[in-house]
Amino acid sequence: MNQPAIPDVALVDNTEQRTPLVLVLDCSGSMTGAPMDQLNQGLKLLEEELKSDVIAAKRVRVLVVRYGGFDQAELAGEWCDAMDFDAPALEAAGTTPTGRAIDLALAEIENEKQRFKAAGVAYTRPWLFLMSDGAPTDAWEASAQRARDAETANKVAIFPIAVGQGDERIMSQFSSKGPGGVKRLQGLQFRELFLWLSASMQVVSQSRPGGAAQLPATDTWSSVPT
């Protein structure tokens with residue numbers, strides 16, 4: 001059940017259309033070391049790139065969902081415009097409750113839409129960016145179905161990213177596009193990944209709600225399963 005929409009001062013002060021972006025990030029123990037260091041650097045790069053674009057800074061809304069610990073999924077901050085986004089410093093530990101994280105992200109997206117509607121702010125289709133380097137440790141199947149249904153209904157665009165030994169078969173279950181929608185991060189090219197994401201957000205933030213946007217190619221950081 002959705003929570004009542006709470007007025008957001010940013011939506012009153014800035015009535016530009018918005019592009020919501022939810023980053024659902026695996027912070028389980030297997031991300032310890034270089035992967036987490038590179039992920040944090042990538043988040044900081046995303047912050048800098050979005051803030052440097054005068055349109056994206058005002059139009060992109062960012063939310064980070066981290067999942068790990070003892071089957072925990074939680075917000076790393078609140079929804080904010082890119083101009084106010086401070087990349088969190090994430091730490092790796094524990095399990096991989098992907099299903100719980102997806103449910104939290106989907107609920108937050110619907111709540112944010114209600115806030116947009118209450119404020120009379122137009123918005124483009126939200127992006128849900130799911131990143132994981134391992135198989136879920138919770139009961140994820142029903143959550144994956146909810147994600148597929150939401151994407152099929154055009155409520156959200158989902159981008160599953162498999163890192164390292166991340167299971168592409170399972171990741172594909174979280175998108176209506178199936179295996180063709182999963183990208184695998186080559187090595188630890190988080191910098192290239194987040195540069196692509198920031199460039200994509202800059203393009204989408206300038207598109208009309210319901211319109212189409214030509215996104216940059218992903219070949220600088222991803223590989224295609226064969």
# chains A, B, ... in the order shown; residues from 1 in each chain; ligands from 1
>>> residues_around(residues="Val62 (chain A)", least_positions_apart="6", cutoff="12 Å", atoms="only C-alpha atoms", output="PyMOL selection string")
chain A and resi 18-24+43+46-47+50-51+56+75-88+105+108-109+112+126-129+198+201
>>> residues_around(residues="Cys27 (chain A)", least_positions_apart="3", cutoff="7 Å", atoms="only C-alpha atoms", output="mmCIF file with C-alpha atoms, in the first residue's frame")
data_model
loop_
_atom_site.group_PDB
_atom_site.id
_atom_site.type_symbol
_atom_site.label_atom_id
_atom_site.label_comp_id
_atom_site.auth_asym_id
_atom_site.auth_seq_id
_atom_site.Cartn_x
_atom_site.Cartn_y
_atom_site.Cartn_z
ATOM 1 C CA MET A 31 31.559 -6.768 -3.162
ATOM 2 C CA ARG A 66 21.525 -0.433 -0.941
ATOM 3 C CA TYR A 67 21.087 -4.071 -0.022
ATOM 4 C CA GLY A 68 23.295 -6.397 2.011
ATOM 5 C CA GLU A 91 30.230 -0.495 2.525
ATOM 6 C CA ALA A 92 30.083 -4.200 1.692
ATOM 7 C CA ALA A 93 28.864 -6.878 4.114
#
>>> select_by_dssp(residues="region 15-180 of chain A", states="helix (DSSP H, G or I)", output="ChimeraX atom specification")
/A:29-31,34-52,54-59,82-84,98-119,141-152,168-174,178-180
>>> atom_distance(atom1="CA of Ala107 (chain A)", atom2="CA of Leu185 (chain A)")
26.9 Å
>>> select_by_dssp(residues="region 37-166 of chain A", states="strand (DSSP E or B)", output="PyMOL selection string")
chain A and resi 60-69+72-75+80-81+94+123+127-132+157-162
>>> residues_around(residues="Gly69 (chain A)", least_positions_apart="5", cutoff="7 Å", atoms="only C-alpha atoms", output="PyMOL selection string")
chain A and resi 28+93-95
>>> write_last_selection(atoms="all heavy atoms", output="PDB file, in the first residue's frame")
ATOM      1  N   SER A  28      26.593  -6.569  -0.749  1.00  0.00           N
ATOM      2  CA  SER A  28      26.849  -7.803  -0.004  1.00  0.00           C
ATOM      3  C   SER A  28      28.344  -8.000   0.186  1.00  0.00           C
ATOM      4  O   SER A  28      29.171  -7.294  -0.405  1.00  0.00           O
ATOM      5  CB  SER A  28      26.247  -8.993  -0.765  1.00  0.00           C
ATOM      6  OG  SER A  28      26.843  -9.118  -2.048  1.00  0.00           O
ATOM      7  N   ALA A  93      28.970  -5.887   3.040  1.00  0.00           N
ATOM      8  CA  ALA A  93      28.864  -6.878   4.114  1.00  0.00           C
ATOM      9  C   ALA A  93      27.591  -7.690   3.922  1.00  0.00           C
ATOM     10  O   ALA A  93      26.583  -7.174   3.428  1.00  0.00           O
ATOM     11  CB  ALA A  93      28.840  -6.210   5.490  1.00  0.00           C
ATOM     12  N   GLY A  94      27.652  -8.945   4.294  1.00  0.00           N
ATOM     13  CA  GLY A  94      26.437  -9.730   4.423  1.00  0.00           C
ATOM     14  C   GLY A  94      25.907 -10.380   3.165  1.00  0.00           C
ATOM     15  O   GLY A  94      26.641 -10.727   2.244  1.00  0.00           O
ATOM     16  N   THR A  95      24.578 -10.509   3.125  1.00  0.00           N
ATOM     17  CA  THR A  95      23.867 -11.302   2.133  1.00  0.00           C
ATOM     18  C   THR A  95      23.389 -10.451   0.951  1.00  0.00           C
ATOM     19  O   THR A  95      23.738  -9.275   0.847  1.00  0.00           O
ATOM     20  CB  THR A  95      22.666 -11.996   2.799  1.00  0.00           C
ATOM     21  OG1 THR A  95      21.825 -10.985   3.401  1.00  0.00           O
ATOM     22  CG2 THR A  95      23.120 -12.956   3.883  1.00  0.00           C
TER      23      THR A  95
END
>>> closest_atom_pairs(of="region 5-102 of chain A", to="region 137-160 of chain A", cutoff="7 Å", atoms="only C-alpha atoms", output="JSON lines")
{"residue": "A:Thr95", "atom": "CA", "partner": "A:Thr137", "partner_atom": "CA", "distance": 6.3}
{"residue": "A:Thr96", "atom": "CA", "partner": "A:Thr137", "partner_atom": "CA", "distance": 5.1}
{"residue": "A:Pro97", "atom": "CA", "partner": "A:Asp138", "partner_atom": "CA", "distance": 5.0}
{"residue": "A:Thr98", "atom": "CA", "partner": "A:Trp140", "partner_atom": "CA", "distance": 6.5}
{"residue": "A:Gly99", "atom": "CA", "partner": "A:Trp140", "partner_atom": "CA", "distance": 4.0}
{"residue": "A:Ile102", "atom": "CA", "partner": "A:Ser143", "partner_atom": "CA", "distance": 6.5}
>>> write_last_selection(atoms="C-alpha atoms", output="CSV table (one decimal), in the first residue's frame")
chain,number,residue,atom,x,y,z
A,95,THR,CA,23.9,-11.3,2.1
A,96,THR,CA,22.1,-10.4,-1.2
A,97,PRO,CA,18.4,-9.7,-0.6
A,98,THR,CA,17.7,-8.6,-4.2
A,99,GLY,CA,13.9,-9.3,-3.9
A,102,ILE,CA,13.4,-4.4,-5.7
>>> atom_distance(atom1="CA of Gly166 (chain A)", atom2="CA of Val64 (chain A)")
19.8 Å
>>> closest_residue(among="A:Leu11, A:Ala57, A:Ile161, A:Ala89", to="Arg115 (chain A)", atoms="only C-alpha atoms")
A:Leu11
